[in-house]
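Everything below concerns the one structure shown next.
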Amino acid sequence: MNLRPSPPSGATSVQWRDRFAEGLARFISCRAGWVVFGTLVFVGFFSAFLPQVTPKNDSYDFVIDRDPVTDFFNKFRKIFEKDEFFVIAYREPNLFSEPRLRELKELTQALENLEGVTDVVSLANVADMRGTEDVFDANDFLETIPASPSELERLRRRALANPLYEGTLLSADGQTTAIVVFTSIPPPGSDRDIENEIRVLLKSVNKILAPYRERGRRMAVAGWPVTTYYMGNYMEADARLFFPISLVLTLATIGFVFRNVRLFFIASLGIVLTVMATLGLAGLAKITINNASVAVIPLVMALALSDIIHIFTHLDRRFLDESGGRPREALRRVLSAILVPCLLTSVNTGIGFFSYTFNGVLAIRSFGWLAATGMMFEFIVTFGFVAPLLTYFRADRIYRSAQAHHEREIPRFIRWVHGGVTRRPWWPLLLCLAGLAWGGWFTREIKVNTNLEELFDSNSPLRQDIDFVRNNLAGIEAINVVYESTRDAFKNPALLAQIDTINQEIKAHPRVNSVVGVGEYFKEMNKAFHAEDPAHYRLPKNQRLLEQYLLLYGRDDLDDYITPAFDTARVIIRAAAPSSNESRALIQDIQGILDRHPIAGVTATVTGATALGVRTMKVMVDDQINNIGQTVIVIWLIMVGVLRSWGLALLFLLPNLFPIVINFGLMGFLGIPLDSGTSLIAASAFGIIVDDTVHFFVTFAAHRKRGLGVAKALEATTFEKGEASVASFLIMGIAFGVLTLSHFRPIFFFGLLNIFILVMGMIGDQVFLKSVLTVWARWEDRAKAPPVSVA
């Protein structure tokens, strides 16, 4: 492996790079006022769009939006419009008593009168088919409420015996009931203010439920609209936390590292301008701020400060002395040394974030666009505002002496680590290689899985309400099977019988709680038509009789299961399969049943929010696996061009892949699944942790080019770049630490695991890489040593 940059064949490229850095540094320092003015105009343009920044919290933003599965789902929602609903569930041991049933009826009526509610279904108004021989009526179940205990008990048994109520409106023990509230929320992509509509509706619902809760009754509310509502609340809470805490902590780090009020002030302005420009771009480009993209705020602040730190750590009195005390010339020398590596770090980090823009999930693409452009904005603000502004301060107040620098905590820590690794390089090298092998081994154990409820903390009201509905009823998630054929096809009893065979096999699945389709309604009608004889709980024997039942029934709730043209039918399956692995396995089993029972002239498609979530998770993980590979290759090729050395470029990958492998090994070892949060880590983490490695290798290659040996080049680079590296580590740790305060668990784990990766990245740079280079330096020294003659 060649650790020396390529000779003169790459000289032209290196000279061009040096000329570029020198020319840009001279322009910034000599035209400081104009550069600051131009940057302020640039930031001002984007900041003008800050009022147009739009928060959006639609749970459907977190599902794949460019896929045939999604296209069919949207088509399905337009056919069966009553698909957006939430459930109000509560437990009442004396549910079938006159006061409690009257209470249920009053509550149902109150909810029906709310604006934004299209329908409400409960035991109070659900269809109850009662009949005698050759006739039946379909009235509300609680059209009249009996008073005597015996009649109430008969009513209870009747409810428990009805498969249409099973698990959806009444629990198996008859003590938990549900009220299903259908809303007028439009499908994804609507221009209406969905979040505000949900907020207003749920505020009204909670007002109605308040008296019951005050009496100590648990009133659980769960469903996709409720999830969207909580996501909005959590995003607003995160935004209120992220900006002030990130700003205070990152600026406190500047104060700790440099202890200079002027630098503190300049850094503060630079960070605020970067955030303003980035969020202004969101307003200009109509990029909505959601639970994922809100994480851009602390990340952009931290990454902006990382470049600022590299400028500040180079404000050495030596540059001022070499410039004859001229501040502009001293700044030119500083910028010439760091412009190219800082540009590379911004590009590399931007590439890591830009990889998210190819994701199939809208919320992740929004995060990718904002984070990637934020990296470019922070570079522009850092070198177009922060750097030239330094020329307007007294040089002796911002440039520091080497002695004061070496006496501080971070430089002392760097010298201690460097000395320990270079004296005994084999032990840290073997430990890091063992860690790499361990991580690679346990990476094989990673499971891909996600769980809707686990997006939220177990103590959150939403999570507790979802658990309550699932534990007491059939849950809120549904898997739908949609059958499509020709007009009036589903009036054919023979065809309905084939679907019924499929339904019975699905219902026998151990995870399935209930299966309801139009066939179940026809069987109830047939039973009622024959004086409610259970022996006649079967499909009508011919189409003429079926059409007669439809005339007698006269209610519109069949529209939830069949279209008016009887060419599309829907079967709703409720099951206990909360995780994506369980849901995927169940959907595969259902698809297998459908494949074993094909129906001539009928197409059957599994769809619904659960199926869409399973598909989303698969595509998201596949995208991220592709993205990390593409990110590594692109960044590596950039470094090959910059370093002009295949050996150095390969060595560059070592400390950067080390933390990624260790992280995935830890996830496999602890059983942490690859889900909607953790799958996002690899590409962005690689883009971030390469920053310090880029600065190291560009400087190391420059020292090698000047003829220094590996050991001397390593020492010089360590002491020149070490303080900025550790300070950047602290700042990024703060940024990701702030994300662990998020109420949204994917962002929490995104922050937590990235902190672990940062720690491993620091070990990779300060220990693993240095031990490799030290061993190589010793090999180089032995190779150069003259042979020992033996007398």
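Each chain in the structure tokens gets a letter, A, B and so on, in the order shown; residues start at 1 in every chain, and ligands are counted from 1 in the order they appear.
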*as a count of residues only, list the residues of range 578-680 of chain A assigned to strand (DSSP E) by DSSP on the backbone atoms of this structure.*
5
Would you tabulate, counting only C-alpha atoms, all residues of range 602-694 of chain A that have an atom at most 9 Å from an atom of range 729-739 of chain A, showing the closest pair of atoms and their distance in Å to one decimal, sorted by chain then ascending number, as a tab-separated table?
```
residue	atom	partner	partner_atom	distance
A:Ile688	CA	A:Met732	CA	8.8
A:Ile689	CA	A:Phe729	CA	8.9
A:Asp692	CA	A:Phe729	CA	8.8
```
Requested write-out: all heavy atoms of the selected residues, as a PDB file, in the first residue's frame:
```pdb
ATOM      1  N   ILE A 688     -21.233  12.122   8.156  1.00  0.00           N
ATOM      2  CA  ILE A 688     -20.813  13.001   9.245  1.00  0.00           C
ATOM      3  C   ILE A 688     -19.432  12.631   9.774  1.00  0.00           C
ATOM      4  O   ILE A 688     -18.562  13.484   9.945  1.00  0.00           O
ATOM      5  CB  ILE A 688     -21.852  12.981  10.381  1.00  0.00           C
ATOM      6  CG1 ILE A 688     -23.142  13.678   9.916  1.00  0.00           C
ATOM      7  CG2 ILE A 688     -21.310  13.654  11.641  1.00  0.00           C
ATOM      8  CD1 ILE A 688     -24.292  13.527  10.872  1.00  0.00           C
ATOM      9  N   ILE A 689     -19.215  11.334  10.025  1.00  0.00           N
ATOM     10  CA  ILE A 689     -17.958  10.941  10.675  1.00  0.00           C
ATOM     11  C   ILE A 689     -16.757  11.063   9.741  1.00  0.00           C
ATOM     12  O   ILE A 689     -15.619  11.082  10.212  1.00  0.00           O
ATOM     13  CB  ILE A 689     -18.036   9.505  11.241  1.00  0.00           C
ATOM     14  CG1 ILE A 689     -18.339   8.505  10.128  1.00  0.00           C
ATOM     15  CG2 ILE A 689     -19.045   9.423  12.368  1.00  0.00           C
ATOM     16  CD1 ILE A 689     -18.402   7.068  10.620  1.00  0.00           C
ATOM     17  N   ASP A 692     -14.002  14.714  10.045  1.00  0.00           N
ATOM     18  CA  ASP A 692     -12.705  14.859  10.704  1.00  0.00           C
ATOM     19  C   ASP A 692     -11.636  14.032   9.999  1.00  0.00           C
ATOM     20  O   ASP A 692     -10.466  14.429   9.958  1.00  0.00           O
ATOM     21  CB  ASP A 692     -12.817  14.456  12.176  1.00  0.00           C
ATOM     22  CG  ASP A 692     -13.639  15.452  12.973  1.00  0.00           C
ATOM     23  OD1 ASP A 692     -13.569  16.656  12.669  1.00  0.00           O
ATOM     24  OD2 ASP A 692     -14.370  15.023  13.884  1.00  0.00           O
TER      25      ASP A 692
END
```
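Near Arg26 in chain A, within a cut-off of 9 Å and counting only C-alpha atoms, sit the residues Ala21, Glu22, Gly23, Leu24, Ile28, Ser29, Cys30, Arg31, Arg328, Glu329, Leu331, Arg332, Arg333, Leu335 and Ser336 of chain A, with same-chain residues fewer than 2 positions away left out.
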*Which residues, written as a PyMOL selection string, have at least one atom at most 10 Å from range 251-267 of chain A, with only C-alpha atoms counted and residues fewer than 2 positions away on the same chain left out?*
chain A and resi 245-249+269-273+301-302+304-305+308-309+312-313+382+385-387+389-390+393-394+397-398+400+405+408-410+723-724+726-728+730-731+734
Generate a file of the selected residues that holds C-alpha atoms, formatted as a PDB file, in the first residue's frame.
```
ATOM      1  CA  ILE A 245     -31.301  23.723  23.794  1.00  0.00           C
ATOM      2  CA  SER A 246     -29.098  23.113  20.743  1.00  0.00           C
ATOM      3  CA  LEU A 247     -28.168  26.792  20.547  1.00  0.00           C
ATOM      4  CA  VAL A 248     -27.299  27.075  24.235  1.00  0.00           C
ATOM      5  CA  LEU A 249     -25.281  23.841  24.372  1.00  0.00           C
ATOM      6  CA  LEU A 269     -24.534  34.867  14.373  1.00  0.00           C
ATOM      7  CA  GLY A 270     -23.239  32.248  11.937  1.00  0.00           C
ATOM      8  CA  ILE A 271     -25.415  29.507  13.397  1.00  0.00           C
ATOM      9  CA  VAL A 272     -28.568  31.645  13.444  1.00  0.00           C
ATOM     10  CA  LEU A 273     -28.056  32.760   9.829  1.00  0.00           C
ATOM     11  CA  MET A 301     -26.516  24.047  13.890  1.00  0.00           C
ATOM     12  CA  ALA A 302     -23.930  21.492  14.959  1.00  0.00           C
ATOM     13  CA  ALA A 304     -22.222  24.751  10.970  1.00  0.00           C
ATOM     14  CA  LEU A 305     -20.323  25.030  14.213  1.00  0.00           C
ATOM     15  CA  ILE A 308     -16.516  27.372  12.363  1.00  0.00           C
ATOM     16  CA  ILE A 309     -14.400  25.484  14.873  1.00  0.00           C
ATOM     17  CA  PHE A 312     -11.138  29.196  15.046  1.00  0.00           C
ATOM     18  CA  THR A 313      -8.604  26.472  15.888  1.00  0.00           C
ATOM     19  CA  THR A 382     -19.106  30.057   7.513  1.00  0.00           C
ATOM     20  CA  PHE A 385     -19.879  35.694   6.841  1.00  0.00           C
ATOM     21  CA  VAL A 386     -18.013  34.260   9.842  1.00  0.00           C
ATOM     22  CA  ALA A 387     -14.552  34.210   8.230  1.00  0.00           C
ATOM     23  CA  LEU A 389     -16.132  39.171   9.826  1.00  0.00           C
ATOM     24  CA  LEU A 390     -12.972  38.212  11.715  1.00  0.00           C
ATOM     25  CA  PHE A 393     -11.919  42.585  15.166  1.00  0.00           C
ATOM     26  CA  ARG A 394      -8.567  43.373  16.737  1.00  0.00           C
ATOM     27  CA  ARG A 397      -7.978  39.584  20.676  1.00  0.00           C
ATOM     28  CA  ILE A 398      -8.861  36.606  18.465  1.00  0.00           C
ATOM     29  CA  ARG A 400      -4.031  32.937  20.295  1.00  0.00           C
ATOM     30  CA  HIS A 405      -3.374  26.548  23.209  1.00  0.00           C
ATOM     31  CA  ARG A 408      -5.938  23.682  27.568  1.00  0.00           C
ATOM     32  CA  GLU A 409      -7.810  20.475  28.329  1.00  0.00           C
ATOM     33  CA  ILE A 410      -8.471  19.195  24.799  1.00  0.00           C
ATOM     34  CA  GLU A 723      -8.440  19.959  18.884  1.00  0.00           C
ATOM     35  CA  ALA A 724     -10.923  20.714  16.104  1.00  0.00           C
ATOM     36  CA  VAL A 726     -12.484  16.563  19.470  1.00  0.00           C
ATOM     37  CA  ALA A 727     -14.443  19.825  19.606  1.00  0.00           C
ATOM     38  CA  SER A 728     -16.479  18.720  16.567  1.00  0.00           C
ATOM     39  CA  LEU A 730     -18.443  17.198  21.364  1.00  0.00           C
ATOM     40  CA  ILE A 731     -20.660  19.471  19.277  1.00  0.00           C
ATOM     41  CA  ILE A 734     -24.633  17.560  21.736  1.00  0.00           C
TER      42      ILE A 734
END
```
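Near Leu708 in chain A, within 12 Å and counting only C-alpha atoms, sit Leu3, Arg4, Pro5, Thr699, Phe700, Ala701, Ala702, His703, Arg704, Lys712, Ala713, Leu714, Glu715, Ala716, Thr717 and Ala777 of chain A; same-chain residues fewer than 4 positions away were not included.
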Could those residues be written to a file, using N, CA, C and O atoms, as an mmCIF file, in the first residue's frame?
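The resulting file, again_30.cif, is shown below:
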```cif
data_model
loop_
_atom_site.group_PDB
_atom_site.id
_atom_site.type_symbol
_atom_site.label_atom_id
_atom_site.label_comp_id
_atom_site.auth_asym_id
_atom_site.auth_seq_id
_atom_site.Cartn_x
_atom_site.Cartn_y
_atom_site.Cartn_z
ATOM 1 N N LEU A 3 1.386 4.851 0.954
ATOM 2 C CA LEU A 3 0.838 5.877 1.833
ATOM 3 C C LEU A 3 1.277 7.274 1.428
ATOM 4 O O LEU A 3 0.925 8.240 2.089
ATOM 5 N N ARG A 4 2.041 7.374 0.362
ATOM 6 C CA ARG A 4 2.473 8.695 -0.099
ATOM 7 C C ARG A 4 1.606 9.103 -1.288
ATOM 8 O O ARG A 4 1.327 8.279 -2.158
ATOM 9 N N PRO A 5 1.179 10.362 -1.342
ATOM 10 C CA PRO A 5 0.383 10.801 -2.486
ATOM 11 C C PRO A 5 1.132 10.565 -3.785
ATOM 12 O O PRO A 5 2.351 10.582 -3.823
ATOM 13 N N THR A 699 -4.473 16.965 5.464
ATOM 14 C CA THR A 699 -3.292 17.512 6.144
ATOM 15 C C THR A 699 -2.161 16.491 6.163
ATOM 16 O O THR A 699 -0.983 16.825 5.917
ATOM 17 N N PHE A 700 -2.503 15.224 6.455
ATOM 18 C CA PHE A 700 -1.481 14.163 6.485
ATOM 19 C C PHE A 700 -0.809 14.029 5.121
ATOM 20 O O PHE A 700 0.427 13.917 5.022
ATOM 21 N N ALA A 701 -1.621 14.047 4.047
ATOM 22 C CA ALA A 701 -1.066 13.924 2.694
ATOM 23 C C ALA A 701 -0.163 15.109 2.370
ATOM 24 O O ALA A 701 0.873 14.953 1.706
ATOM 25 N N ALA A 702 -0.544 16.310 2.849
ATOM 26 C CA ALA A 702 0.285 17.493 2.600
ATOM 27 C C ALA A 702 1.637 17.358 3.292
ATOM 28 O O ALA A 702 2.683 17.708 2.709
ATOM 29 N N HIS A 703 1.626 16.854 4.526
ATOM 30 C CA HIS A 703 2.896 16.662 5.241
ATOM 31 C C HIS A 703 3.748 15.590 4.571
ATOM 32 O O HIS A 703 4.973 15.727 4.484
ATOM 33 N N ARG A 704 3.132 14.552 4.089
ATOM 34 C CA ARG A 704 3.885 13.496 3.387
ATOM 35 C C ARG A 704 4.472 14.041 2.085
ATOM 36 O O ARG A 704 5.594 13.693 1.702
ATOM 37 N N LYS A 712 6.309 11.229 11.701
ATOM 38 C CA LYS A 712 6.343 12.681 11.863
ATOM 39 C C LYS A 712 5.082 13.339 11.283
ATOM 40 O O LYS A 712 4.528 14.281 11.855
ATOM 41 N N ALA A 713 4.627 12.838 10.136
ATOM 42 C CA ALA A 713 3.414 13.390 9.525
ATOM 43 C C ALA A 713 2.206 13.126 10.421
ATOM 44 O O ALA A 713 1.309 13.984 10.558
ATOM 45 N N LEU A 714 2.177 11.954 11.044
ATOM 46 C CA LEU A 714 1.079 11.613 11.952
ATOM 47 C C LEU A 714 1.080 12.544 13.162
ATOM 48 O O LEU A 714 0.025 13.064 13.558
ATOM 49 N N GLU A 715 2.254 12.783 13.726
ATOM 50 C CA GLU A 715 2.345 13.658 14.901
ATOM 51 C C GLU A 715 1.947 15.092 14.558
ATOM 52 O O GLU A 715 1.162 15.722 15.276
ATOM 53 N N ALA A 716 2.452 15.591 13.434
ATOM 54 C CA ALA A 716 2.143 16.958 13.042
ATOM 55 C C ALA A 716 0.646 17.124 12.761
ATOM 56 O O ALA A 716 0.031 18.121 13.165
ATOM 57 N N THR A 717 0.074 16.156 12.093
ATOM 58 C CA THR A 717 -1.358 16.228 11.764
ATOM 59 C C THR A 717 -2.210 16.154 13.026
ATOM 60 O O THR A 717 -3.209 16.871 13.163
ATOM 61 N N ALA A 777 4.547 2.995 10.132
ATOM 62 C CA ALA A 777 5.751 3.813 10.270
ATOM 63 C C ALA A 777 6.920 2.970 10.759
ATOM 64 O O ALA A 777 8.059 3.129 10.284
#
```
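Of the residues under consideration (A:Thr678, A:Thr631, A:Thr568, A:Thr486), A:Thr486 shows the shortest atom-to-atom contact distance to Gly601 in chain A when counting only C-alpha atoms.
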*How many Å separate CA of Ile502 in chain A from CA of Leu558 in chain A?*
19.9 Å
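Considering only C-alpha atoms, the residue among A:Leu107, A:Leu344, A:Leu303, A:Met760 positioned nearest to Tyr212 in chain A is A:Leu107.
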